[in-house]
file final_36.txt (compact mmCIF, C-alpha atoms)
# COMPACT_ATOMS: atom_id res chain seq x y z
CA MET A 297 20.49 169.42 139.58
CA SER A 298 21.63 165.99 138.40
CA GLN A 299 25.26 164.97 138.69
CA GLN A 300 27.27 165.24 135.48
CA ARG A 301 28.40 161.75 134.59
CA LYS A 302 31.92 161.06 133.36
CA ALA A 303 33.00 158.71 130.61
CA VAL A 304 36.44 157.63 129.47
CA ALA A 305 36.57 157.20 125.70
CA LEU A 306 39.01 154.90 123.95
CA ILE A 307 40.39 157.20 121.27
CA SER A 308 42.27 155.42 118.50
CA GLY A 309 42.52 158.41 116.20
CA GLY A 310 40.05 156.91 113.75
CA LEU A 311 36.62 158.17 112.83
CA ASP A 312 34.50 155.79 114.90
CA SER A 313 35.97 156.66 118.27
CA LEU A 314 35.78 160.34 117.35
CA LEU A 315 32.05 160.01 116.61
CA ALA A 316 31.29 157.93 119.70
CA ALA A 317 32.93 160.50 121.96
CA LYS A 318 31.16 163.37 120.22
CA MET A 319 27.78 161.70 120.72
CA MET A 320 28.42 161.47 124.44
CA ILE A 321 29.63 165.07 124.73
CA ASP A 322 26.43 166.15 123.00
CA GLN A 323 24.45 164.31 125.65
CA GLY A 324 26.14 166.35 128.37
CA ILE A 325 28.61 163.71 129.48
CA HIS A 326 32.06 164.82 130.66
CA VAL A 327 34.38 162.85 128.36
CA GLU A 328 38.13 162.37 128.59
CA GLY A 329 40.07 160.31 126.09
CA ILE A 330 42.51 157.51 126.64
CA ASN A 331 44.88 156.21 124.01
CA PHE A 332 47.09 153.17 124.44
CA TYR A 333 50.49 152.90 122.82
CA THR A 334 51.48 149.30 122.16
CA GLY A 335 54.52 150.02 119.98
CA PHE A 336 52.67 148.66 116.95
CA CYS A 337 50.54 151.72 116.33
CA VAL A 338 50.66 153.08 112.81
CA GLU A 339 51.47 156.74 113.06
CA GLY A 340 52.35 159.35 110.47
CA HIS A 341 55.60 159.89 112.29
CA THR A 342 56.78 156.37 111.67
CA HIS A 343 56.29 157.00 108.01
CA ALA A 344 57.99 160.36 108.47
CA ILE A 345 61.25 158.49 109.08
CA ARG A 346 61.29 158.18 105.34
CA LYS A 347 62.20 161.40 103.62
CA LYS A 348 59.90 160.82 100.68
CA ASP A 349 56.91 160.96 103.02
CA LYS A 350 57.83 164.28 104.58
CA ALA A 351 55.17 166.14 102.63
CA LYS A 352 52.50 164.17 104.46
CA PRO A 353 50.98 165.91 107.45
CA LYS A 354 52.75 164.93 110.63
CA ARG A 355 50.13 164.55 113.26
CA ASN A 356 49.06 162.11 115.90
CA ASN A 357 45.49 161.30 115.02
CA ALA A 358 44.43 160.57 118.59
CA LEU A 359 45.65 164.02 119.65
CA TRP A 360 43.95 165.52 116.62
CA SER A 361 40.67 163.82 117.59
CA ALA A 362 40.92 165.07 121.16
CA GLU A 363 41.53 168.58 119.93
CA GLN A 364 38.51 168.41 117.64
CA LEU A 365 36.42 167.24 120.58
CA GLY A 366 37.91 169.71 123.08
CA ILE A 367 38.72 166.94 125.55
CA LYS A 368 41.77 165.87 127.49
CA LEU A 369 43.68 162.90 126.15
CA HIS A 370 45.73 160.56 128.29
CA ILE A 371 48.27 158.57 126.29
CA ILE A 372 49.32 155.44 128.12
CA ASP A 373 52.46 153.42 127.41
CA ILE A 374 51.46 149.74 127.56
CA ILE A 375 54.43 148.40 125.58
CA ASP A 376 55.61 145.96 128.24
CA GLU A 377 52.18 144.75 129.35
CA TYR A 378 51.14 144.27 125.75
CA LYS A 379 53.79 141.64 125.13
CA ASP A 380 51.74 138.96 126.84
CA VAL A 381 48.70 139.89 124.74
CA LEU A 382 50.66 139.46 121.54
CA ILE A 383 52.74 136.47 122.52
CA ASN A 384 50.00 134.44 124.22
CA PRO A 385 46.63 135.50 122.80
CA LYS A 386 43.88 133.42 124.39
CA HIS A 387 41.64 133.93 121.38
CA GLY A 388 44.34 133.54 118.74
CA TYR A 389 45.46 135.68 115.83
CA GLY A 390 43.60 137.18 112.91
CA ALA A 391 44.77 136.96 109.31
CA ASN A 392 48.28 138.01 110.37
CA MET A 393 49.86 138.44 113.82
CA ASN A 394 46.98 140.62 115.00
CA PRO A 395 45.44 139.42 118.27
CA CYS A 396 42.49 141.78 117.81
CA LEU A 397 40.03 140.24 120.26
CA ASP A 398 42.57 139.84 123.06
CA CYS A 399 43.79 143.37 122.30
CA LYS A 400 40.32 144.84 122.64
CA ILE A 401 39.68 142.92 125.86
CA PHE A 402 43.00 144.12 127.25
CA MET A 403 42.44 147.76 126.31
CA VAL A 404 38.91 147.89 127.66
CA GLY A 405 40.19 146.22 130.83
CA LYS A 406 42.89 148.88 131.16
CA ALA A 407 40.28 151.58 130.58
CA LYS A 408 38.17 150.01 133.34
CA GLN A 409 41.14 150.27 135.72
CA TRP A 410 41.63 153.89 134.71
CA MET A 411 37.91 154.58 135.14
CA ASP A 412 37.94 153.15 138.67
CA ALA A 413 41.12 154.98 139.63
CA ASN A 414 39.87 158.34 138.38
CA GLY A 415 36.26 158.26 139.53
CA PHE A 416 34.65 157.97 136.11
CA ASP A 417 31.31 156.24 135.54
CA PHE A 418 31.57 154.35 132.27
CA ILE A 419 33.64 153.53 129.20
CA ILE A 420 32.83 154.29 125.58
CA THR A 421 34.30 152.81 122.42
CA GLY A 422 33.71 153.36 118.73
CA GLU A 423 33.00 149.70 118.04
CA VAL A 424 30.45 148.88 115.36
CA MET A 425 28.84 145.48 115.35
CA GLY A 426 30.03 143.36 112.43
CA GLN A 427 32.51 145.92 111.14
CA ARG A 428 35.62 143.92 111.83
CA PRO A 429 35.96 140.20 111.41
CA MET A 430 37.55 139.40 114.75
CA SER A 431 36.95 141.89 117.53
CA GLN A 432 33.61 143.34 116.43
CA ARG A 433 31.61 140.26 115.50
CA LYS A 434 28.16 140.21 117.08
CA ASP A 435 28.89 137.04 119.02
CA LEU A 436 32.23 138.39 120.27
CA LEU A 437 31.14 141.82 121.52
CA PRO A 438 29.81 140.21 124.74
CA VAL A 439 33.15 138.45 125.19
CA VAL A 440 34.86 141.86 125.40
CA VAL A 441 32.26 143.01 127.94
CA ARG A 442 32.72 139.93 130.09
CA GLU A 443 36.46 139.28 129.92
CA SER A 444 37.51 142.93 130.27
CA GLY A 445 35.57 143.25 133.52
CA ALA A 446 33.79 146.34 132.19
CA ASP A 447 30.42 144.53 132.21
CA ASP A 448 27.50 146.89 131.72
CA ARG A 449 29.65 149.99 132.08
CA LEU A 450 30.87 149.57 128.51
CA LEU A 451 28.77 151.62 126.10
CA ARG A 452 29.16 151.48 122.31
CA PRO A 453 27.22 154.53 121.12
CA LEU A 454 27.49 153.72 117.40
CA CYS A 455 25.75 150.35 117.70
CA ALA A 456 24.09 150.54 121.13
CA LYS A 457 20.59 150.04 119.77
CA ASN A 458 21.60 146.64 118.48
CA LEU A 459 22.71 145.59 121.94
CA ALA A 460 21.16 145.17 125.38
CA ALA A 461 20.87 148.42 127.34
CA THR A 462 23.93 149.19 129.45
CA LEU A 463 24.00 150.77 132.89
CA PRO A 464 24.37 154.35 131.57
CA GLU A 465 21.25 153.82 129.44
CA ARG A 466 19.21 152.09 132.14
CA GLU A 467 20.07 154.75 134.69
CA GLY A 468 19.19 157.53 132.28
CA TRP A 469 22.71 158.99 132.23
CA VAL A 470 22.45 158.83 128.45
CA ASN A 471 19.39 158.76 126.23
CA ARG A 472 19.32 155.45 124.37
CA GLU A 473 17.04 156.94 121.71
CA GLN A 474 19.84 159.26 120.63
CA LEU A 475 22.29 156.40 120.16
CA GLU A 476 22.87 154.62 116.86
CA ASP A 477 22.24 151.16 115.41
CA PHE A 478 25.11 150.93 112.94
CA SER A 479 26.23 147.49 111.85
CA GLY A 480 28.34 145.87 109.18
CA ARG A 481 31.18 147.11 107.06
CA ASN A 482 29.34 149.91 105.29
CA ARG A 483 31.02 153.18 106.29
CA LYS A 484 28.41 155.53 104.85
CA PRO A 485 26.48 156.03 108.12
CA GLN A 486 29.67 157.07 109.90
CA MET A 487 30.62 159.41 107.08
CA ALA A 488 27.16 160.98 107.16
CA LEU A 489 27.44 161.46 110.91
CA ALA A 490 30.91 162.99 110.48
CA ALA A 491 29.45 165.41 107.95
CA LYS A 492 26.62 166.28 110.34
CA TYR A 493 29.15 167.13 113.05
CA GLY A 494 31.35 169.02 110.60
CA PHE A 495 34.33 166.71 110.95
CA ILE A 496 36.58 166.82 107.92
CA ASP A 497 40.12 165.64 107.35
CA TYR A 498 39.66 162.78 109.80
CA ALA A 499 41.93 159.72 109.63
CA THR A 500 41.24 157.04 107.02
CA PRO A 501 37.68 155.75 107.43
CA ALA A 502 38.80 152.15 107.63
CA GLY A 503 40.68 153.19 110.75
CA GLY A 504 43.41 150.56 110.51
CA CYS A 505 45.84 151.59 113.19
CA CYS A 506 48.03 148.58 113.92
CA PHE A 507 51.08 147.23 112.10
CA LEU A 508 50.18 143.72 113.24
CA THR A 509 47.40 143.59 110.65
CA ASP A 510 50.03 144.10 107.93
CA LYS A 511 51.34 140.91 106.33
CA ASN A 512 54.82 142.24 105.58
CA TYR A 513 55.26 143.50 109.11
CA SER A 514 53.92 140.26 110.59
CA ASP A 515 56.33 138.23 108.46
CA LYS A 516 59.24 140.23 109.86
CA LEU A 517 58.03 139.71 113.42
CA VAL A 518 57.71 135.95 112.92
CA ASP A 519 61.19 135.89 111.36
CA LEU A 520 62.56 137.75 114.40
CA TRP A 521 61.08 135.19 116.77
CA GLN A 522 62.26 132.25 114.69
CA ALA A 523 65.79 133.62 114.48
CA ARG A 524 65.96 134.15 118.23
CA ASN A 525 64.19 130.90 118.97
CA LYS A 526 61.83 132.65 121.36
CA LYS A 527 58.74 134.83 121.18
CA ASP A 528 59.92 138.03 122.79
CA TYR A 529 60.84 141.56 121.78
CA GLU A 530 61.93 144.97 122.98
CA LEU A 531 60.62 148.28 121.67
CA ASP A 532 63.72 148.82 119.52
CA ASP A 533 63.13 145.45 117.85
CA ILE A 534 59.63 146.28 116.75
CA MET A 535 60.54 149.82 115.71
CA LEU A 536 63.30 148.48 113.46
CA LEU A 537 60.81 146.14 111.77
CA LYS A 538 59.17 149.28 110.36
CA VAL A 539 62.39 150.60 108.80
CA GLY A 540 64.48 149.61 105.78
CA ARG A 541 64.84 146.49 103.68
CA HIS A 542 65.27 143.35 105.74
CA LEU A 543 67.34 140.54 104.26
CA ARG A 544 68.41 137.31 105.93
CA PRO A 545 71.24 135.70 103.90
CA GLN A 546 71.90 133.19 106.70
CA PRO A 547 69.73 132.01 109.59
CA HIS A 548 72.04 133.59 112.17
CA TYR A 549 72.15 137.13 110.83
CA LYS A 550 69.92 139.68 109.19
CA LEU A 551 70.67 142.95 107.41
CA ILE A 552 68.59 146.09 107.80
CA VAL A 553 69.42 148.27 104.81
CA SER A 554 68.13 151.85 104.81
CA ARG A 555 66.19 152.94 101.74
CA GLU A 556 66.92 156.66 101.81
CA ASP A 557 68.29 159.54 103.85
CA GLY A 558 65.52 159.68 106.43
CA GLU A 559 66.02 156.03 107.31
CA ASN A 560 69.79 156.50 107.28
CA LYS A 561 69.45 159.15 109.97
CA PHE A 562 67.13 156.99 112.01
CA LEU A 563 69.36 153.91 111.81
CA LYS A 564 72.40 155.97 112.87
CA GLY A 565 70.85 156.04 116.31
CA TYR A 566 71.46 152.28 116.55
CA LYS A 567 75.15 152.28 115.64
CA LYS A 568 76.22 151.34 119.15
CA GLN A 569 73.84 148.38 119.32
CA PHE A 570 74.68 146.70 116.01
CA SER A 571 77.62 146.02 113.77
CA THR A 572 77.27 148.41 110.83
CA ILE A 573 78.23 148.78 107.19
CA GLU A 574 78.71 152.25 105.69
CA ILE A 575 79.45 152.90 102.03
CA LYS A 576 82.33 155.40 101.87
CA SER A 577 83.25 155.69 98.20
CA HIS A 578 79.71 156.30 96.93
CA ASN A 579 76.34 157.45 98.21
CA GLY A 580 74.68 154.49 99.80
CA PRO A 581 72.72 153.04 102.65
CA LEU A 582 73.64 152.53 106.25
CA THR A 583 73.21 148.84 107.05
CA LEU A 584 72.75 147.28 110.47
CA VAL A 585 73.85 143.69 110.97
CA ASP A 586 71.54 141.91 113.42
CA GLY A 587 73.42 138.83 114.61
CA GLU A 588 77.01 137.71 115.11
CA VAL A 589 79.01 137.37 111.89
CA SER A 590 82.48 136.14 111.02
CA ASP A 591 84.89 138.43 109.15
CA GLU A 592 84.08 136.58 105.93
CA GLU A 593 80.33 136.95 106.50
CA PHE A 594 80.80 140.63 107.37
CA ARG A 595 82.48 141.25 104.03
CA PHE A 596 79.81 139.27 102.20
CA ALA A 597 77.14 141.36 103.95
CA ALA A 598 79.01 144.47 102.78
CA ARG A 599 78.82 143.23 99.20
CA ILE A 600 75.04 142.97 99.59
CA ALA A 601 74.85 146.46 101.10
CA ALA A 602 76.99 147.84 98.24
CA ARG A 603 74.43 146.43 95.81
CA PHE A 604 72.00 149.03 97.15
CA SER A 605 74.47 151.93 96.79
CA GLN A 606 75.21 154.18 93.86
CA GLY A 607 78.35 152.12 93.38
CA ARG A 608 76.30 149.04 92.52
CA ASP A 609 77.83 148.83 89.02
CA ALA A 610 81.37 149.76 90.05
CA ASP A 611 84.15 147.17 90.13
CA SER A 612 84.92 148.04 93.71
CA VAL A 613 83.30 149.97 96.54
CA THR A 614 84.96 151.13 99.73
CA VAL A 615 83.00 150.32 102.86
CA LYS A 616 83.56 150.87 106.55
CA LEU A 617 82.80 147.85 108.69
CA THR A 618 82.27 148.62 112.36
CA ARG A 619 81.83 145.97 115.01
CA LYS A 620 79.56 146.56 117.97
CA ASP A 621 82.64 146.98 120.16
CA GLY A 622 83.80 149.87 117.96
CA GLU A 623 86.50 148.02 115.98
CA GLU A 624 86.58 149.53 112.49
CA GLN A 625 88.09 148.53 109.18
CA LEU A 626 87.94 149.97 105.67
CA VAL A 627 87.71 147.39 102.91
CA ASP A 628 87.29 147.46 99.16
CA ILE A 629 84.75 144.94 97.94
CA PRO A 630 82.91 144.22 94.68
CA PRO A 631 79.15 144.78 94.98
CA LEU A 632 77.18 141.55 94.75
CA PRO A 633 75.60 141.19 91.29
CA ALA A 634 71.85 141.70 91.27
CA SER A 635 71.36 138.13 90.09
CA ASP A 636 73.09 136.86 93.25
CA ILE A 637 70.70 138.62 95.62
CA LYS A 638 68.31 135.77 96.34
CA GLN A 639 64.64 136.57 96.55
CA GLU A 640 64.22 134.31 99.56
CA TRP A 641 66.61 136.52 101.55
CA TYR A 642 64.00 139.26 101.60
CA ILE A 643 61.82 139.08 104.68
CA MET B 48 59.26 177.84 139.78
CA SER B 49 62.00 175.66 138.40
CA HIS B 50 63.40 174.71 135.01
CA PHE B 51 63.73 171.08 133.95
CA THR B 52 65.00 169.29 130.87
CA LEU B 53 63.89 166.08 129.20
CA ASP B 54 65.81 164.03 126.64
CA ALA B 55 63.35 162.37 124.24
CA ARG B 56 65.84 161.82 121.42
CA ARG B 57 65.46 158.68 119.28
CA SER B 58 61.90 158.22 120.48
CA LEU B 59 59.23 158.09 117.82
CA CYS B 60 55.73 159.40 118.15
CA PRO B 61 54.00 159.14 120.52
CA MET B 62 56.80 158.35 122.98
CA PRO B 63 58.06 161.98 123.15
CA VAL B 64 54.53 163.01 124.08
CA ILE B 65 54.21 160.26 126.69
CA LYS B 66 57.59 161.16 128.20
CA THR B 67 56.55 164.82 128.29
CA GLN B 68 53.18 163.95 129.83
CA ASP B 69 54.77 161.78 132.51
CA LYS B 70 57.43 164.37 133.36
CA ILE B 71 54.93 167.21 133.59
CA ALA B 72 52.83 165.12 135.98
CA GLU B 73 55.73 165.48 138.45
CA LEU B 74 56.05 169.28 138.05
CA GLN B 75 54.29 172.28 139.54
CA ALA B 76 52.28 174.94 137.73
CA GLY B 77 54.66 177.61 136.47
CA ASP B 78 57.63 175.25 136.11
CA THR B 79 59.23 175.08 132.68
CA LEU B 80 60.32 171.97 130.83
CA GLU B 81 62.68 171.92 127.85
CA VAL B 82 62.17 168.79 125.76
CA THR B 83 64.69 167.70 123.12
CA CYS B 84 63.47 165.29 120.42
CA THR B 85 64.69 163.88 117.14
CA ASP B 86 61.25 163.01 115.75
CA PRO B 87 60.16 166.09 113.79
CA GLY B 88 56.56 165.12 114.47
CA ALA B 89 57.08 166.29 118.03
CA LEU B 90 56.85 169.84 116.69
CA SER B 91 53.16 169.29 116.07
CA ASP B 92 52.32 166.65 118.68
CA ILE B 93 53.73 168.17 121.85
CA PRO B 94 52.07 171.55 121.21
CA ALA B 95 48.79 169.72 120.43
CA TRP B 96 49.08 167.78 123.69
CA CYS B 97 49.82 171.03 125.54
CA ARG B 98 46.80 172.79 124.03
CA ILE B 99 44.35 170.10 125.10
CA ASN B 100 45.86 169.71 128.54
CA GLY B 101 46.27 173.36 129.48
CA HIS B 102 50.01 173.93 129.19
CA ILE B 103 51.79 176.67 127.25
CA VAL B 104 54.49 176.23 124.62
CA LYS B 105 56.87 179.11 125.26
CA GLU B 106 59.26 178.39 122.42
CA SER B 107 60.11 175.73 119.85
CA HIS B 108 62.77 175.38 117.20
CA GLU B 109 64.59 172.86 115.02
CA LYS B 110 68.38 172.68 114.98
CA ASN B 111 70.74 170.02 113.62
CA ASP B 112 67.96 167.47 113.16
CA GLU B 113 66.75 168.06 116.70
CA VAL B 114 63.57 169.68 117.93
CA VAL B 115 63.64 171.66 121.16
CA ILE B 116 60.36 172.67 122.80
CA THR B 117 60.03 174.70 126.00
CA ILE B 118 56.78 174.28 127.91
CA GLN B 119 55.36 176.20 130.83
CA VAL B 120 53.31 173.91 133.04
CA GLY B 121 49.73 175.12 133.38

call {"tool": "encode", "arguments": {"input": "final_36.txt", "output": "C-alpha cells"}}
result
Amino acid sequence: MSQQRKAVALISGGLDSLLAAKMMIDQGIHVEGINFYTGFCVEGHTHAIRKKDKAKPKRNNALWSAEQLGIKLHIIDIIDEYKDVLINPKHGYGANMNPCLDCKIFMVGKAKQWMDANGFDFIITGEVMGQRPMSQRKDLLPVVVRESGADDRLLRPLCAKNLAATLPEREGWVNREQLEDFSGRNRKPQMALAAKYGFIDYATPAGGCCFLTDKNYSDKLVDLWQARNKKDYELDDIMLLKVGRHLRPQPHYKLIVSREDGENKFLKGYKKQFSTIEIKSHNGPLTLVDGEVSDEEFRFAARIAARFSQGRDADSVTVKLTRKDGEEQLVDIPPLPASDIKQEWYI
Amino acid sequence: MSHFTLDARRSLCPMPVIKTQDKIAELQAGDTLEVTCTDPGALSDIPAWCRINGHIVKESHEKNDEVVITIQVG
C-alpha cells in the first residue's frame, strides 16, 4: 500500500485556494490548510466594526473554506515578520502599497518552513497563471518557486498543466492529467469547477483579500509614515487606518473621527492611548487625536469634530477634551462651518 | 482537567482565533478554556475553528458588548 502523501495548502479564503485544495483531496492527498494573518487582511469582521454592516454575514472565509473541505486550518500570526516585506519589498509595490510578489514569496517560504517542521511533502496554492498583474505573471511564477525555497515542491493545481511538472507530479503522488491549465483573468473556469464541486456562497471570485491593494487605505499608510518620518507601524496603527474619517489639519496631528456607533465603540478601546474629543451636548462621534497638540489646537480639533455631530448647526456644542494623561476639561465651542473643513485635510 | 481563561478583548478577527489556537496548544485534552472577546465575529469564528480542529464549544453568550465562549479541549 502506497504512503499517503501530505500537502499544506495556502488558504486565503477565496475561491482559487478552495478549489486547489479540493482537487488534491480528491486525489487522495492528506491536506491541511495554512492561513497567514498580516494585519492587512480584509475580513468581514473589520467591516463589522461599522454598525451599518452588521447584517452582513460575519465569517472568516479561510475558516469557512476549511470547513467546506473538512480539513484542519492553522492560522499563523505573521504581523511582525511581515513588516520587512511591506517596508522593504525587493520587487517593489503594485498599483498601491501592495508588495504582492514579495508577499507571495514570503508566504510560500513560511509554508515551506511549516511543511518541513510538520513532515509534509509539498505545498499547494490557488495561483492561476496570468490572473494577477504582479504575483501571478507567467514570468514571475518561477521567481516565487526559486526565492521562496519551495522549488519543485510547490504545486499549483489550477494551472499546473501550463508549467513544468513538479516533484509530486513526477513522483506520481498526484496525477498531472487531473490537474488544470487555467490562465488569464477569466473566472468562468473556476466558477464552473466550483459548481461541479457544489461550492456555493464562496467569497468574492476576484478574491481580493488585502487592504494594501486599496488606494484609500494605502494613502493613509503613506500619510502615517510621512507624519512619523519613518516607515514603521504597530498592529494598532494599521487597524486604526481601517476605521473612521481621517483628517490631518496640521502636519503634526491627525484626527480619527468615528462615523457611527460601531466605530465609536471600537475607538473607545483606544482612549488611554490617545487624546480624545467627546461631544457631550449632542449625539456625535468619538474622535482620537493622533499627535501632540497645544490647548488652542485641541479646541480647534474639537470644532472639527463638532462639525460631524448632530450639533453641527448649533451656535455652541459642549465637548469633553481628555489628554492622554487623563486630564479632562469641558468646553463650549462653535462647530467649524462646513466651508472651513478643507478638502486637503481628508486623508 | 483544569479551567483556564483567555482575554481576547479589543482583538479583531482573526486574532481572537489565533490567541485561542495558541492557548489551546498549551492545554491538555479535557481542559476547558473560557475566552472573552469584543469582536462579535468571534461567535462564529471560534466555534468554526473548534469544529475543524476537534474541540467542543460548551457554551457561548453575548453580554454587555462582550462575547464569552467556553471550549472543551478535544

call {"tool": "residues_around", "arguments": {"input": "final_36.txt", "residues": "range 96-109 of chain B", "least_positions_apart": "5", "cutoff": "9 Å", "atoms": "only C-alpha atoms", "output": "PyMOL selection string"}}
result
(chain A and resi 359+362-363+366-369) or (chain B and resi 64+68+76+79+87+90-91+114-121)

call {"tool": "write_last_selection", "arguments": {"input": "final_36.txt", "atoms": "C-alpha atoms", "output": "PDB file, in the coordinates of the input"}}
result
ATOM      1  CA  LEU A 359      45.650 164.020 119.650  1.00  0.00           C
ATOM      2  CA  ALA A 362      40.920 165.070 121.160  1.00  0.00           C
ATOM      3  CA  GLU A 363      41.530 168.580 119.930  1.00  0.00           C
ATOM      4  CA  GLY A 366      37.910 169.710 123.080  1.00  0.00           C
ATOM      5  CA  ILE A 367      38.720 166.940 125.550  1.00  0.00           C
ATOM      6  CA  LYS A 368      41.770 165.870 127.490  1.00  0.00           C
ATOM      7  CA  LEU A 369      43.680 162.900 126.150  1.00  0.00           C
TER       8      LEU A 369
ATOM      9  CA  VAL B  64      54.530 163.010 124.080  1.00  0.00           C
ATOM     10  CA  GLN B  68      53.180 163.950 129.830  1.00  0.00           C
ATOM     11  CA  ALA B  76      52.280 174.940 137.730  1.00  0.00           C
ATOM     12  CA  THR B  79      59.230 175.080 132.680  1.00  0.00           C
ATOM     13  CA  PRO B  87      60.160 166.090 113.790  1.00  0.00           C
ATOM     14  CA  LEU B  90      56.850 169.840 116.690  1.00  0.00           C
ATOM     15  CA  SER B  91      53.160 169.290 116.070  1.00  0.00           C
ATOM     16  CA  VAL B 114      63.570 169.680 117.930  1.00  0.00           C
ATOM     17  CA  VAL B 115      63.640 171.660 121.160  1.00  0.00           C
ATOM     18  CA  ILE B 116      60.360 172.670 122.800  1.00  0.00           C
ATOM     19  CA  THR B 117      60.030 174.700 126.000  1.00  0.00           C
ATOM     20  CA  ILE B 118      56.780 174.280 127.910  1.00  0.00           C
ATOM     21  CA  GLN B 119      55.360 176.200 130.830  1.00  0.00           C
ATOM     22  CA  VAL B 120      53.310 173.910 133.040  1.00  0.00           C
ATOM     23  CA  GLY B 121      49.730 175.120 133.380  1.00  0.00           C
TER      24      GLY B 121
END

call {"tool": "closest_residue", "arguments": {"input": "final_36.txt", "among": "A:Lys561, A:Lys526, A:Lys400, A:Lys492", "to": "chain B", "atoms": "only C-alpha atoms"}}
result
A:Lys561

call {"tool": "residues_around", "arguments": {"input": "final_36.txt", "residues": "range 622-634 of chain A", "least_positions_apart": "2", "cutoff": "12 Å", "atoms": "all atoms listed in the file", "output": "PyMOL selection string"}}
result
chain A and resi 567-578+580+591-592+594-620+636-639

call {"tool": "write_last_selection", "arguments": {"input": "final_36.txt", "atoms": "C-alpha atoms", "output": "mmCIF file, in the frame of the given file"}}
result
data_model
loop_
_atom_site.group_PDB
_atom_site.id
_atom_site.type_symbol
_atom_site.label_atom_id
_atom_site.label_comp_id
_atom_site.auth_asym_id
_atom_site.auth_seq_id
_atom_site.Cartn_x
_atom_site.Cartn_y
_atom_site.Cartn_z
ATOM 1 C CA LYS A 567 75.150 152.280 115.640
ATOM 2 C CA LYS A 568 76.220 151.340 119.150
ATOM 3 C CA GLN A 569 73.840 148.380 119.320
ATOM 4 C CA PHE A 570 74.680 146.700 116.010
ATOM 5 C CA SER A 571 77.620 146.020 113.770
ATOM 6 C CA THR A 572 77.270 148.410 110.830
ATOM 7 C CA ILE A 573 78.230 148.780 107.190
ATOM 8 C CA GLU A 574 78.710 152.250 105.690
ATOM 9 C CA ILE A 575 79.450 152.900 102.030
ATOM 10 C CA LYS A 576 82.330 155.400 101.870
ATOM 11 C CA SER A 577 83.250 155.690 98.200
ATOM 12 C CA HIS A 578 79.710 156.300 96.930
ATOM 13 C CA GLY A 580 74.680 154.490 99.800
ATOM 14 C CA ASP A 591 84.890 138.430 109.150
ATOM 15 C CA GLU A 592 84.080 136.580 105.930
ATOM 16 C CA PHE A 594 80.800 140.630 107.370
ATOM 17 C CA ARG A 595 82.480 141.250 104.030
ATOM 18 C CA PHE A 596 79.810 139.270 102.200
ATOM 19 C CA ALA A 597 77.140 141.360 103.950
ATOM 20 C CA ALA A 598 79.010 144.470 102.780
ATOM 21 C CA ARG A 599 78.820 143.230 99.200
ATOM 22 C CA ILE A 600 75.040 142.970 99.590
ATOM 23 C CA ALA A 601 74.850 146.460 101.100
ATOM 24 C CA ALA A 602 76.990 147.840 98.240
ATOM 25 C CA ARG A 603 74.430 146.430 95.810
ATOM 26 C CA PHE A 604 72.000 149.030 97.150
ATOM 27 C CA SER A 605 74.470 151.930 96.790
ATOM 28 C CA GLN A 606 75.210 154.180 93.860
ATOM 29 C CA GLY A 607 78.350 152.120 93.380
ATOM 30 C CA ARG A 608 76.300 149.040 92.520
ATOM 31 C CA ASP A 609 77.830 148.830 89.020
ATOM 32 C CA ALA A 610 81.370 149.760 90.050
ATOM 33 C CA ASP A 611 84.150 147.170 90.130
ATOM 34 C CA SER A 612 84.920 148.040 93.710
ATOM 35 C CA VAL A 613 83.300 149.970 96.540
ATOM 36 C CA THR A 614 84.960 151.130 99.730
ATOM 37 C CA VAL A 615 83.000 150.320 102.860
ATOM 38 C CA LYS A 616 83.560 150.870 106.550
ATOM 39 C CA LEU A 617 82.800 147.850 108.690
ATOM 40 C CA THR A 618 82.270 148.620 112.360
ATOM 41 C CA ARG A 619 81.830 145.970 115.010
ATOM 42 C CA LYS A 620 79.560 146.560 117.970
ATOM 43 C CA ASP A 636 73.090 136.860 93.250
ATOM 44 C CA ILE A 637 70.700 138.620 95.620
ATOM 45 C CA LYS A 638 68.310 135.770 96.340
ATOM 46 C CA GLN A 639 64.640 136.570 96.550
#

call {"tool": "residues_around", "arguments": {"input": "final_36.txt", "residues": "range 527-534 of chain A", "least_positions_apart": "5", "cutoff": "7 Å", "atoms": "all atoms listed in the file", "output": "list in words"}}
result
Gly335, Ile383 and Trp521 of chain A

call {"tool": "atom_distance", "arguments": {"input": "final_36.txt", "atom1": "CA of Trp469 in chain A", "atom2": "CA of Phe332 in chain A"}}
result
26.2 Å

call {"tool": "closest_residue", "arguments": {"input": "final_36.txt", "among": "A:Arg355, A:Lys302, A:Arg428, A:His326", "to": "Ile93 in chain B", "atoms": "all atoms listed in the file"}}
result
A:Arg355

call {"tool": "atom_distance", "arguments": {"input": "final_36.txt", "atom1": "CA of Arg442 in chain A", "atom2": "CA of Ile401 in chain A"}}
result
8.7 Å

call {"tool": "axis_aligned_box", "arguments": {"input": "final_36.txt", "around": "range 458-474 of chain A", "padding_each_side": "6 Å", "output": "AutoDock Vina command-line options"}}
result
--center_x 20.7 --center_y 152.2 --center_z 126.6 --size_x 19.3 --size_y 26.1 --size_z 28.2

call {"tool": "residues_around", "arguments": {"input": "final_36.txt", "residues": "range 536-547 of chain A", "least_positions_apart": "2", "cutoff": "7 Å", "atoms": "only C-alpha atoms", "output": "compact mmCIF listing (two decimals) with C-alpha atoms, in the coordinates of the input"}}
result
# COMPACT_ATOMS: atom_id res chain seq x y z
CA TYR A 513 55.26 143.50 109.11
CA LYS A 516 59.24 140.23 109.86
CA ALA A 523 65.79 133.62 114.48
CA ASP A 532 63.72 148.82 119.52
CA ASP A 533 63.13 145.45 117.85
CA ILE A 534 59.63 146.28 116.75
CA TYR A 549 72.15 137.13 110.83
CA LYS A 550 69.92 139.68 109.19
CA LEU A 551 70.67 142.95 107.41
CA ILE A 552 68.59 146.09 107.80
CA VAL A 553 69.42 148.27 104.81
CA SER A 554 68.13 151.85 104.81
CA ARG A 555 66.19 152.94 101.74
CA GLU A 559 66.02 156.03 107.31
CA TRP A 641 66.61 136.52 101.55
CA TYR A 642 64.00 139.26 101.60
CA ILE A 643 61.82 139.08 104.68

call {"tool": "closest_residue", "arguments": {"input": "final_36.txt", "among": "B:Glu73, B:Asp92, B:Glu113, B:Asp78", "to": "Asp54 in chain B", "atoms": "only C-alpha atoms"}}
result
B:Glu113

call {"tool": "atom_distance", "arguments": {"input": "final_36.txt", "atom1": "CA of His548 in chain A", "atom2": "CA of Val585 in chain A"}}
result
10.3 Å

call {"tool": "decode", "arguments": {"input": "final_36.txt", "residues": "range 434-438 of chain A", "atoms": "C-alpha atoms", "output": "short mmCIF file (atom, residue, chain, number, x, y, z; two decimals), in the first residue's frame"}}
result
data_model
loop_
_atom_site.label_atom_id
_atom_site.label_comp_id
_atom_site.auth_asym_id
_atom_site.auth_seq_id
_atom_site.Cartn_x
_atom_site.Cartn_y
_atom_site.Cartn_z
CA LYS A 434 3.93 33.78 -16.18
CA ASP A 435 7.48 35.09 -15.95
CA LEU A 436 7.17 35.69 -12.19
CA LEU A 437 5.73 32.33 -11.09
CA PRO A 438 9.24 30.79 -11.26
#
